[in-house]
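Q: I am sharing input.tsv, which consists of TSV, C-alpha atoms:
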```tsv
chain	number	residue	atom	x	y	z
S	1	MET	CA	168.95	120.49	13.36
S	2	VAL	CA	170.04	121.39	9.81
S	3	ILE	CA	171.14	124.87	10.92
S	4	LYS	CA	173.22	123.36	13.75
S	5	ALA	CA	174.88	120.98	11.30
S	6	ILE	CA	175.70	123.84	8.89
S	7	ILE	CA	177.12	125.96	11.73
S	8	LYS	CA	179.20	123.01	12.99
S	9	ARG	CA	180.52	122.30	9.49
S	10	THR	CA	181.33	125.96	8.93
S	11	LEU	CA	183.20	126.22	12.23
S	12	LEU	CA	185.19	123.05	11.50
S	13	VAL	CA	186.17	124.28	8.04
S	14	LEU	CA	187.17	127.70	9.36
S	15	LEU	CA	189.15	126.10	12.20
S	16	SER	CA	191.00	123.79	9.79
S	17	VAL	CA	191.76	126.70	7.48
S	18	LEU	CA	193.06	128.76	10.41
S	19	LEU	CA	195.16	125.84	11.63
S	20	GLY	CA	196.55	125.29	8.13
S	21	ILE	CA	197.45	128.97	7.84
S	22	VAL	CA	199.27	128.97	11.20
S	23	ILE	CA	201.18	125.74	10.48
S	24	ASN	CA	202.24	126.80	7.01
S	25	TYR	CA	203.12	130.29	8.11
S	26	LEU	CA	205.54	128.84	10.62
S	27	ASP	CA	207.34	126.48	8.24
S	28	ARG	CA	207.18	128.88	5.27
S	29	ASN	CA	206.42	126.23	2.63
S	30	ILE	CA	204.35	128.34	0.26
S	31	LEU	CA	203.13	125.44	-1.89
S	32	ASP	CA	201.72	123.75	1.23
S	33	SER	CA	199.94	126.98	2.06
S	34	ILE	CA	198.44	127.20	-1.43
S	35	TYR	CA	197.43	123.53	-1.35
S	36	LEU	CA	195.66	123.87	2.02
S	37	SER	CA	193.86	127.00	0.91
S	38	ALA	CA	192.69	125.28	-2.30
S	39	GLN	CA	191.63	122.19	-0.37
S	40	HIS	CA	189.45	124.35	1.87
S	41	GLY	CA	187.89	126.50	-0.82
S	42	GLY	CA	190.63	128.91	-1.86
S	43	LEU	CA	189.70	131.66	0.58
S	44	LEU	CA	193.29	132.98	0.66
S	45	PHE	CA	193.33	133.18	-3.15
S	46	ASN	CA	191.39	136.40	-2.70
S	47	ASN	CA	194.47	138.00	-1.12
S	48	VAL	CA	196.43	137.67	-4.38
S	49	LYS	CA	195.70	140.90	-6.23
S	50	GLU	CA	197.13	139.47	-9.45
S	51	ALA	CA	194.39	136.80	-9.50
S	52	GLU	CA	191.76	136.97	-12.21
S	53	GLY	CA	188.50	137.41	-10.32
S	54	HIS	CA	187.84	136.09	-6.83
S	55	ILE	CA	186.98	132.76	-5.27
S	56	ASP	CA	183.35	132.41	-4.15
S	57	TYR	CA	184.08	130.65	-0.86
S	58	PHE	CA	180.43	130.58	0.27
S	59	ARG	CA	179.36	128.81	-2.93
S	60	TRP	CA	182.24	126.31	-2.65
S	61	MET	CA	181.38	125.48	0.96
S	62	PHE	CA	177.65	124.88	0.48
S	63	PHE	CA	176.94	124.20	-3.19
S	64	THR	CA	179.96	122.47	-4.80
S	65	ASP	CA	180.15	118.68	-4.62
S	66	ASN	CA	183.60	117.90	-6.03
S	67	LYS	CA	185.44	120.79	-4.30
S	68	TYR	CA	187.27	121.77	-7.50
S	69	CYS	CA	189.24	125.01	-7.07
S	70	ARG	CA	191.13	127.11	-9.64
S	71	MET	CA	192.91	130.45	-9.64
S	72	ASN	CA	194.09	132.11	-12.86
S	73	PHE	CA	196.66	134.88	-12.77
S	74	ASP	CA	195.52	137.98	-14.64
S	75	CYS	CA	197.38	138.34	-17.96
S	76	GLU	CA	197.96	141.99	-17.09
S	77	TYR	CA	200.56	140.85	-14.53
S	78	LEU	CA	202.26	138.24	-16.74
S	79	ARG	CA	204.95	138.55	-19.38
S	80	ASP	CA	203.58	138.96	-22.89
S	81	GLU	CA	204.44	135.44	-24.05
S	82	TYR	CA	202.17	133.84	-21.43
S	83	LYS	CA	198.54	133.17	-22.21
S	84	THR	CA	197.79	131.37	-18.95
S	85	ILE	CA	199.32	130.58	-15.58
S	86	ALA	CA	196.89	128.92	-13.20
S	87	ILE	CA	196.77	126.99	-9.92
S	88	VAL	CA	194.32	124.07	-9.92
S	89	TYR	CA	193.08	121.68	-7.23
S	90	LEU	CA	190.87	118.82	-8.46
S	91	GLY	CA	189.45	117.70	-5.11
S	92	ASP	CA	188.61	113.98	-4.91
S	93	GLU	CA	190.04	113.36	-8.37
S	94	GLU	CA	193.59	114.16	-7.16
S	95	PRO	CA	193.21	114.78	-3.41
S	96	ASP	CA	196.92	115.18	-2.60
S	97	ILE	CA	197.91	117.12	-5.72
S	98	LEU	CA	198.16	120.82	-6.52
S	99	THR	CA	198.67	121.50	-10.24
S	100	ILE	CA	200.32	124.51	-11.84
S	101	LEU	CA	199.26	124.99	-15.46
S	102	SER	CA	200.78	127.34	-18.01
S	103	THR	CA	200.27	128.10	-21.68
S	104	ILE	CA	202.92	129.94	-23.67
S	105	TYR	CA	202.38	131.60	-27.05
S	106	MET	CA	204.49	130.19	-29.86
S	107	GLU	CA	204.71	131.09	-33.55
S	108	ASP	CA	201.81	130.46	-36.01
S	109	GLN	CA	199.12	130.38	-33.30
S	110	ASN	CA	200.72	127.38	-31.61
S	111	PHE	CA	201.18	126.90	-27.86
S	112	LEU	CA	203.65	125.28	-25.48
S	113	TYR	CA	202.13	123.70	-22.38
S	114	LEU	CA	204.13	123.47	-19.14
S	115	GLU	CA	202.57	121.70	-16.18
S	116	ALA	CA	203.86	120.95	-12.69
S	117	LYS	CA	202.27	118.76	-10.03
S	118	TYR	CA	202.96	119.27	-6.32
S	119	ASN	CA	202.33	116.28	-4.06
S	120	TYR	CA	201.40	117.60	-0.62
S	121	LYS	CA	202.19	114.31	1.15
S	122	THR	CA	205.63	113.70	-0.37
S	123	LYS	CA	206.55	117.42	-0.71
S	124	THR	CA	207.61	116.77	-4.31
S	125	LEU	CA	207.06	119.12	-7.25
S	126	THR	CA	207.33	117.37	-10.61
S	127	TRP	CA	207.42	119.11	-13.98
S	128	GLN	CA	205.39	116.97	-16.38
S	129	PRO	CA	206.42	116.02	-19.95
S	130	LEU	CA	206.10	118.96	-22.34
S	131	GLU	CA	203.15	119.22	-24.70
S	132	VAL	CA	202.58	121.39	-27.76
S	133	GLY	CA	199.29	122.71	-29.10
S	134	ILE	CA	199.30	122.89	-32.90
S	135	HIS	CA	196.77	125.16	-34.60
S	136	LYS	CA	194.01	123.16	-36.38
S	137	ILE	CA	195.57	119.84	-35.27
S	138	GLY	CA	195.38	119.75	-31.48
S	139	THR	CA	197.68	118.82	-28.61
S	140	ILE	CA	200.81	116.81	-29.39
S	141	THR	CA	202.21	114.61	-26.61
S	142	ASP	CA	204.39	112.26	-28.66
S	143	GLY	CA	207.99	112.80	-27.54
S	144	GLU	CA	209.60	112.80	-30.98
S	145	ALA	CA	207.01	115.18	-32.41
S	146	VAL	CA	207.31	117.57	-29.44
S	147	GLN	CA	211.11	117.60	-29.58
S	148	SER	CA	211.08	118.05	-33.35
S	149	TYR	CA	208.72	121.03	-33.05
S	150	LEU	CA	210.80	122.64	-30.27
S	151	GLU	CA	214.02	122.17	-32.26
S	152	GLU	CA	212.46	123.83	-35.30
S	153	ALA	CA	211.18	126.67	-33.09
S	154	GLY	CA	214.64	127.07	-31.52
S	155	VAL	CA	213.43	126.25	-27.99
S	156	THR	CA	216.18	124.72	-25.82
S	157	LYS	CA	216.25	123.02	-22.42
S	158	LYS	CA	217.71	126.24	-21.05
S	159	ASP	CA	214.66	128.13	-22.35
S	160	ILE	CA	212.33	125.64	-20.66
S	161	LYS	CA	214.21	126.07	-17.37
S	162	LYS	CA	213.77	129.85	-17.61
S	163	HIS	CA	210.03	129.37	-18.17
S	164	GLN	CA	209.83	127.05	-15.17
S	165	ASP	CA	211.61	129.55	-12.92
S	166	TYR	CA	209.36	132.38	-14.04
S	167	ILE	CA	206.17	130.34	-13.61
S	168	LEU	CA	207.03	128.86	-10.23
S	169	LYS	CA	209.28	131.37	-8.47
S	170	GLU	CA	208.44	134.73	-10.02
S	171	THR	CA	204.71	134.18	-10.42
S	172	VAL	CA	203.18	131.49	-8.20
S	173	LEU	CA	205.42	131.71	-5.13
S	174	LYS	CA	206.21	135.42	-5.03
S	175	LYS	CA	202.72	136.65	-5.85
S	176	TRP	CA	201.18	134.30	-3.29
S	177	ALA	CA	203.73	135.25	-0.64
S	178	LYS	CA	203.23	138.96	-1.30
S	179	GLY	CA	199.48	138.58	-0.78
S	180	ASN	CA	199.55	136.28	2.25
S	181	TYR	CA	202.81	136.81	4.13
S	182	ARG	CA	204.37	140.01	5.33
S	183	PHE	CA	207.87	138.56	5.67
S	184	PRO	CA	208.12	135.42	3.48
S	185	PHE	CA	211.13	133.18	4.04
S	186	HIS	CA	212.08	129.77	2.70
S	187	LEU	CA	209.47	129.79	-0.07
S	188	MET	CA	210.30	126.18	-0.99
S	189	LYS	CA	211.42	124.76	2.37
S	190	GLY	CA	211.59	120.97	2.26
S	191	ILE	CA	210.35	120.70	-1.34
S	192	LYS	CA	212.06	118.31	-3.75
S	193	VAL	CA	211.83	119.39	-7.40
S	194	THR	CA	212.07	116.81	-10.18
S	195	ASP	CA	212.03	117.67	-13.88
S	196	SER	CA	210.37	115.17	-16.20
S	197	SER	CA	209.84	117.70	-19.00
S	198	TRP	CA	211.78	115.56	-21.46
S	199	ASP	CA	210.78	112.15	-20.09
S	200	PHE	CA	208.19	111.29	-22.72
S	201	THR	CA	206.16	108.08	-22.57
S	202	GLU	CA	206.82	105.74	-25.46
```
For this file, write the structure as structure tokens.
A:
Amino acid sequence: MVIKAIIKRTLLVLLSVLLGIVINYLDRNILDSIYLSAQHGGLLFNNVKEAEGHIDYFRWMFFTDNKYCRMNFDCEYLRDEYKTIAIVYLGDEEPDILTILSTIYMEDQNFLYLEAKYNYKTKTLTWQPLEVGIHKIGTITDGEAVQSYLEEAGVTKKDIKKHQDYILKETVLKKWAKGNYRFPFHLMKGIKVTDSSWDFTE
């Protein structure tokens, strides 16, 4: 009885993954494809050669309760100023959201954090308010403090836009498409992008 249930569950998961792959291959929305793969265990993450390590799909399917899934890009394939670029799915905590995290080296062992959230239902990608990691102090989220630090460091809105383009288009979309599609078109078909990088909460 237990074996039948496991086989049935496995077949349903594999069928949903296959269906998701076919649907997203046809409409060419790469973020939808990444989201569906993460939601079903990240099996297609293993096709991205620039990924750091590989997703243990078997363990996710049978031994993980919260269905958390993360893929880090190997630093070897990133520009020198990037410490981390990662794709994260938090399962039940944020069931409709795919998060793109990035950490950028700044001067004096400080970091700039850029984060984007993609809502699968609304097809909206939103860049979150900027944060700065200060050595021996911690993460700063206060708008005035963040803007003051970036001004002193000479970081402009144009610089942030360049980082966003590199993170999203040059890294996440292109590296995923290269690993999972032979002829990728319309990488961001139907996706609305909003930038709240400078919209700090009072």
Q: Between S:Asn72, S:Gln39, S:Asn46, S:Thr64, single out the one closest to Val172 of chain S, counting all atoms listed in the file.
A: S:Asn72
Q: Please compute the atom CA of Gly154 of chain S-atom CA of Ala86 of chain S distance, one decimal, in Å.
A: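 Separating atom CA of Gly154 of chain S from atom CA of Ala86 of chain S is a distance of 25.6 Å.
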Q: Taking (204.5, 136.8, -21.8) in the file's own coordinates, collect the residues within 12 Å, counting only C-alpha atoms, and hand them back as a list in words.
A: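 In the file's frame, the residues around the point are Asp74, Cys75, Glu76, Tyr77, Leu78, Arg79, Asp80, Glu81, Tyr82, Lys83, Thr84, Ile85, Ser102, Thr103, Ile104, Tyr105, Met106, His163, Tyr166, Ile167 and Thr171 of chain S.
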Q: Can you work out the spacing between atom CA of Lys169 of chain S and atom CA of Ala51 of chain S in Å, to one decimal?
A: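 These atoms are spaced 15.9 Å apart.
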Q: Atom CA of Val146 of chain S to atom CA of Phe111 of chain S: how many Å, to one decimal?
A: 11.3 Å
Q: Please determine the residues with any atom at most 12 Å from (214.6, 124.9, -21.3) (coordinates as given in the file, with only C-alpha atoms counting) and report them as a PyMOL selection string.
A: chain S and resi 112+114+127+130+147+150-151+154-166+195-198
Q: Residues at most 12 Å from Lys136 of chain S, counting all atoms listed in the file, excluding those fewer than 6 positions away in the same chain, as JSON, numbers by chain?
A: {"S": [108, 109, 110, 111]}
Q: Just the residues within 8 Å of Val48 of chain S, please, counting all atoms listed in the file, with nothing from its chain fewer than 2 positions along; format it as a PDB file with C-alpha atoms, in the frame of the given file.
A:
```
ATOM      1  CA  LEU S  44     193.290 132.980   0.660  1.00  0.00           C
ATOM      2  CA  PHE S  45     193.330 133.180  -3.150  1.00  0.00           C
ATOM      3  CA  ASN S  46     191.390 136.400  -2.700  1.00  0.00           C
ATOM      4  CA  GLU S  50     197.130 139.470  -9.450  1.00  0.00           C
ATOM      5  CA  ALA S  51     194.390 136.800  -9.500  1.00  0.00           C
ATOM      6  CA  LYS S 175     202.720 136.650  -5.850  1.00  0.00           C
ATOM      7  CA  TRP S 176     201.180 134.300  -3.290  1.00  0.00           C
ATOM      8  CA  LYS S 178     203.230 138.960  -1.300  1.00  0.00           C
ATOM      9  CA  GLY S 179     199.480 138.580  -0.780  1.00  0.00           C
ATOM     10  CA  ASN S 180     199.550 136.280   2.250  1.00  0.00           C
TER      11      ASN S 180
END
```
Q: Do a neighbour search on Tyr89 of chain S at 9 Å with all atoms listed in the file, toss out local chain neighbours closer than 3 positions, and write the hits as a list in words.
A: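 Those residues are Tyr35, Ala38, Gln39, Lys67, Tyr68, Cys69, Arg70, Glu93, Glu94, Pro95, Asp96, Ile97, Leu98 and Thr99 of chain S.
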Q: Just checking: using all atoms listed in the file, which residue out of S:Leu187, S:Ile100, S:Ile7, S:His135 ends up closest to Ser33 of chain S?
A: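 Ranking S:Leu187, S:Ile100, S:Ile7, S:His135 by distance to Ser33 of chain S, first place goes to S:Leu187.
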Q: Measuring between all atoms listed in the file, which one of S:Ile6, S:Met71, S:Ile137, S:Leu168 shows the shortest distance to Lys117 of chain S?
A: S:Leu168
Q: Rank nothing, just name the residue among S:Leu43, S:Leu125, S:Ile3, S:Ala116 nearest to Arg59 of chain S, using all atoms listed in the file.
A: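 Nearest candidate to Arg59 of chain S out of S:Leu43, S:Leu125, S:Ile3, S:Ala116: S:Leu43.
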